[in-house]
Amino acid sequence: MAGQLLENLPEFSVSFTRKRLERHMAFVEQRTRDKGPLKHRNEHYGFPVMTRQELTLLLNEVTGLQAEGNGKYRVSYHPGPGPCPHRNPGQPTGTAIPAARQKTRKTQGTLPF
């Protein structure tokens with residue numbers, strides 16, 4: 001069971017991240033209707049955010065997972081924002097990385113199962 005969960009982690013990560021961004025955009029639309037526009041804009045995605053703390057928020061998608069033994073795994077992450085259907089094409093994104101230059105970074109952690 002845990003093996004199947006781990007095998008599907010990259011796909012789950014992409015799906016979860018994109019759904020989270022969709023929920024945020026729904027919040028932005030509702031908040032704008034109710035109280036006016038938000039004052040800040042996220043540097044990576046180019047959409048409005050509520051606080052200054054969210055200016056550089058980046059949700060890295062998992063791109064790979066490799067078992068290393070003894071319950072340890074090496075997880076690879078997309079280094080920049082993944083494709084975001086809500087990105088404003090006219091808004092510069094501070095860390096968007098062209099597909100040809102994308103790399104993954106490796107981190108090691110222990111999963112709790």
# chains A, B, ... in the order shown; residues from 1 in each chain; ligands from 1
$ residues_around --residues "Thr56 of chain A" --least-positions-apart "6" --cutoff "12 Å" --atoms "only C-alpha atoms" --output "list of chain:residue names"
A:His40, A:Arg41, A:Asn42, A:Glu43, A:His44, A:Tyr45, A:Gly46, A:Phe47, A:Pro48, A:Val49, A:Gly80, A:Pro81, A:Thr93, A:Gly94, A:Thr95
$ write_last_selection --atoms "C-alpha atoms" --output "PDB file, in the first residue's frame"
ATOM      1  CA  HIS A  40       0.074  42.290  -3.438  1.00  0.00           C
ATOM      2  CA  ARG A  41       1.133  40.107  -6.381  1.00  0.00           C
ATOM      3  CA  ASN A  42       3.050  36.839  -6.207  1.00  0.00           C
ATOM      4  CA  GLU A  43       6.419  37.101  -7.968  1.00  0.00           C
ATOM      5  CA  HIS A  44       6.397  33.541  -9.341  1.00  0.00           C
ATOM      6  CA  TYR A  45       2.815  33.148 -10.534  1.00  0.00           C
ATOM      7  CA  GLY A  46       1.862  36.770 -11.141  1.00  0.00           C
ATOM      8  CA  PHE A  47      -1.525  36.566  -9.438  1.00  0.00           C
ATOM      9  CA  PRO A  48      -2.857  38.619  -6.512  1.00  0.00           C
ATOM     10  CA  VAL A  49      -2.116  37.516  -2.939  1.00  0.00           C
ATOM     11  CA  GLY A  80      10.345  26.896 -10.347  1.00  0.00           C
ATOM     12  CA  PRO A  81       6.622  27.346 -10.659  1.00  0.00           C
ATOM     13  CA  THR A  93       7.452  36.240 -13.207  1.00  0.00           C
ATOM     14  CA  GLY A  94      10.669  36.634 -11.288  1.00  0.00           C
ATOM     15  CA  THR A  95      11.839  33.035 -11.345  1.00  0.00           C
TER      16      THR A  95
END
$ residues_around --residues "Val28 of chain A" --least-positions-apart "5" --cutoff "10 Å" --atoms "only C-alpha atoms" --output "MDAnalysis selection string"
chainID A and resid 22:23 33:34 36:38 47:50
$ residues_around --residues "Thr51 of chain A" --least-positions-apart "3" --cutoff "8 Å" --atoms "only C-alpha atoms" --output "PyMOL selection string"
chain A and resi 39-40+54-55
$ residues_around --residues "Leu65 of chain A" --least-positions-apart "5" --cutoff "7 Å" --atoms "only C-alpha atoms" --output "PyMOL selection string"
chain A and resi 73-76
$ select_by_dssp --residues "segment 10-90 of chain A" --states "strand (DSSP E or B)" --output "number ranges by chain"
A: 40-41, 48-49, 62-69, 72-77
$ write_last_selection --atoms "C-alpha atoms" --output "mmCIF file, in the first residue's frame"
data_model
loop_
_atom_site.group_PDB
_atom_site.id
_atom_site.type_symbol
_atom_site.label_atom_id
_atom_site.label_comp_id
_atom_site.auth_asym_id
_atom_site.auth_seq_id
_atom_site.Cartn_x
_atom_site.Cartn_y
_atom_site.Cartn_z
ATOM 1 C CA HIS A 40 0.074 42.290 -3.438
ATOM 2 C CA ARG A 41 1.133 40.107 -6.381
ATOM 3 C CA PRO A 48 -2.857 38.619 -6.512
ATOM 4 C CA VAL A 49 -2.116 37.516 -2.939
ATOM 5 C CA VAL A 62 7.466 16.722 -6.942
ATOM 6 C CA THR A 63 9.005 15.354 -10.147
ATOM 7 C CA GLY A 64 10.477 12.106 -8.889
ATOM 8 C CA LEU A 65 10.968 9.783 -5.944
ATOM 9 C CA GLN A 66 13.730 7.237 -5.421
ATOM 10 C CA ALA A 67 13.962 4.719 -2.580
ATOM 11 C CA GLU A 68 17.353 4.700 -0.880
ATOM 12 C CA GLY A 69 16.694 1.970 1.675
ATOM 13 C CA LYS A 72 14.612 6.857 3.259
ATOM 14 C CA TYR A 73 13.712 8.399 -0.086
ATOM 15 C CA ARG A 74 15.276 10.976 -2.372
ATOM 16 C CA VAL A 75 12.678 13.413 -3.678
ATOM 17 C CA SER A 76 13.200 15.598 -6.758
ATOM 18 C CA TYR A 77 11.347 18.893 -7.089
#
$ atom_distance --atom1 "atom CA of Pro79 of chain A" --atom2 "atom CA of Pro10 of chain A"
13.9 Å
$ closest_residue --among "A:His78, A:Glu61, A:Asn70, A:Gln30" --to "Ser15 of chain A" --atoms "only C-alpha atoms"
A:Glu61
$ atom_distance --atom1 "atom CA of Ser13 of chain A" --atom2 "atom CA of Leu57 of chain A"
16.2 Å
$ decode --residues "segment 11-75 of chain A" --atoms "C-alpha atoms" --output "PDB file, in the first residue's frame"
ATOM      1  CA  GLU A  11       1.255  12.817 -10.096  1.00  0.00           C
ATOM      2  CA  PHE A  12      -0.450  13.548  -6.779  1.00  0.00           C
ATOM      3  CA  SER A  13       1.870  16.505  -6.165  1.00  0.00           C
ATOM      4  CA  VAL A  14       1.088  18.067  -9.545  1.00  0.00           C
ATOM      5  CA  SER A  15      -2.654  17.546  -9.083  1.00  0.00           C
ATOM      6  CA  PHE A  16      -2.659  18.838  -5.496  1.00  0.00           C
ATOM      7  CA  THR A  17      -0.596  21.924  -6.357  1.00  0.00           C
ATOM      8  CA  ARG A  18      -2.752  22.869  -9.329  1.00  0.00           C
ATOM      9  CA  LYS A  19      -5.973  22.376  -7.360  1.00  0.00           C
ATOM     10  CA  ARG A  20      -4.526  24.559  -4.594  1.00  0.00           C
ATOM     11  CA  LEU A  21      -3.801  27.303  -7.126  1.00  0.00           C
ATOM     12  CA  GLU A  22      -7.358  26.974  -8.494  1.00  0.00           C
ATOM     13  CA  ARG A  23      -8.775  27.345  -4.967  1.00  0.00           C
ATOM     14  CA  HIS A  24      -6.624  30.425  -4.460  1.00  0.00           C
ATOM     15  CA  MET A  25      -7.915  32.003  -7.665  1.00  0.00           C
ATOM     16  CA  ALA A  26     -11.509  31.289  -6.602  1.00  0.00           C
ATOM     17  CA  PHE A  27     -10.723  33.035  -3.302  1.00  0.00           C
ATOM     18  CA  VAL A  28      -9.187  36.002  -5.154  1.00  0.00           C
ATOM     19  CA  GLU A  29     -12.267  36.363  -7.364  1.00  0.00           C
ATOM     20  CA  GLN A  30     -14.660  36.196  -4.396  1.00  0.00           C
ATOM     21  CA  ARG A  31     -12.539  38.529  -2.255  1.00  0.00           C
ATOM     22  CA  THR A  32     -12.293  41.043  -5.119  1.00  0.00           C
ATOM     23  CA  ARG A  33     -16.081  41.026  -5.558  1.00  0.00           C
ATOM     24  CA  ASP A  34     -16.711  41.393  -1.824  1.00  0.00           C
ATOM     25  CA  LYS A  35     -13.982  43.793  -0.674  1.00  0.00           C
ATOM     26  CA  GLY A  36     -11.972  44.961  -3.687  1.00  0.00           C
ATOM     27  CA  PRO A  37      -8.640  43.883  -5.152  1.00  0.00           C
ATOM     28  CA  LEU A  38      -5.766  42.431  -3.172  1.00  0.00           C
ATOM     29  CA  LYS A  39      -2.765  44.704  -2.675  1.00  0.00           C
ATOM     30  CA  HIS A  40       0.074  42.290  -3.438  1.00  0.00           C
ATOM     31  CA  ARG A  41       1.133  40.107  -6.381  1.00  0.00           C
ATOM     32  CA  ASN A  42       3.050  36.839  -6.207  1.00  0.00           C
ATOM     33  CA  GLU A  43       6.419  37.101  -7.968  1.00  0.00           C
ATOM     34  CA  HIS A  44       6.397  33.541  -9.341  1.00  0.00           C
ATOM     35  CA  TYR A  45       2.815  33.148 -10.534  1.00  0.00           C
ATOM     36  CA  GLY A  46       1.862  36.770 -11.141  1.00  0.00           C
ATOM     37  CA  PHE A  47      -1.525  36.566  -9.438  1.00  0.00           C
ATOM     38  CA  PRO A  48      -2.857  38.619  -6.512  1.00  0.00           C
ATOM     39  CA  VAL A  49      -2.116  37.516  -2.939  1.00  0.00           C
ATOM     40  CA  MET A  50      -3.379  38.700   0.424  1.00  0.00           C
ATOM     41  CA  THR A  51      -0.151  39.347   2.373  1.00  0.00           C
ATOM     42  CA  ARG A  52       3.467  40.340   1.788  1.00  0.00           C
ATOM     43  CA  GLN A  53       4.464  36.897   3.100  1.00  0.00           C
ATOM     44  CA  GLU A  54       2.962  35.388  -0.055  1.00  0.00           C
ATOM     45  CA  LEU A  55       4.971  37.552  -2.462  1.00  0.00           C
ATOM     46  CA  THR A  56       7.595  34.857  -3.007  1.00  0.00           C
ATOM     47  CA  LEU A  57       5.525  31.772  -2.134  1.00  0.00           C
ATOM     48  CA  LEU A  58       6.387  28.934  -4.502  1.00  0.00           C
ATOM     49  CA  LEU A  59       4.714  25.534  -4.526  1.00  0.00           C
ATOM     50  CA  ASN A  60       7.358  23.184  -5.919  1.00  0.00           C
ATOM     51  CA  GLU A  61       5.906  20.126  -7.618  1.00  0.00           C
ATOM     52  CA  VAL A  62       7.466  16.722  -6.942  1.00  0.00           C
ATOM     53  CA  THR A  63       9.005  15.354 -10.147  1.00  0.00           C
ATOM     54  CA  GLY A  64      10.477  12.106  -8.889  1.00  0.00           C
ATOM     55  CA  LEU A  65      10.968   9.783  -5.944  1.00  0.00           C
ATOM     56  CA  GLN A  66      13.730   7.237  -5.421  1.00  0.00           C
ATOM     57  CA  ALA A  67      13.962   4.719  -2.580  1.00  0.00           C
ATOM     58  CA  GLU A  68      17.353   4.700  -0.880  1.00  0.00           C
ATOM     59  CA  GLY A  69      16.694   1.970   1.675  1.00  0.00           C
ATOM     60  CA  ASN A  70      16.006   1.964   5.405  1.00  0.00           C
ATOM     61  CA  GLY A  71      12.791   3.934   4.888  1.00  0.00           C
ATOM     62  CA  LYS A  72      14.612   6.857   3.259  1.00  0.00           C
ATOM     63  CA  TYR A  73      13.712   8.399  -0.086  1.00  0.00           C
ATOM     64  CA  ARG A  74      15.276  10.976  -2.372  1.00  0.00           C
ATOM     65  CA  VAL A  75      12.678  13.413  -3.678  1.00  0.00           C
TER      66      VAL A  75
END
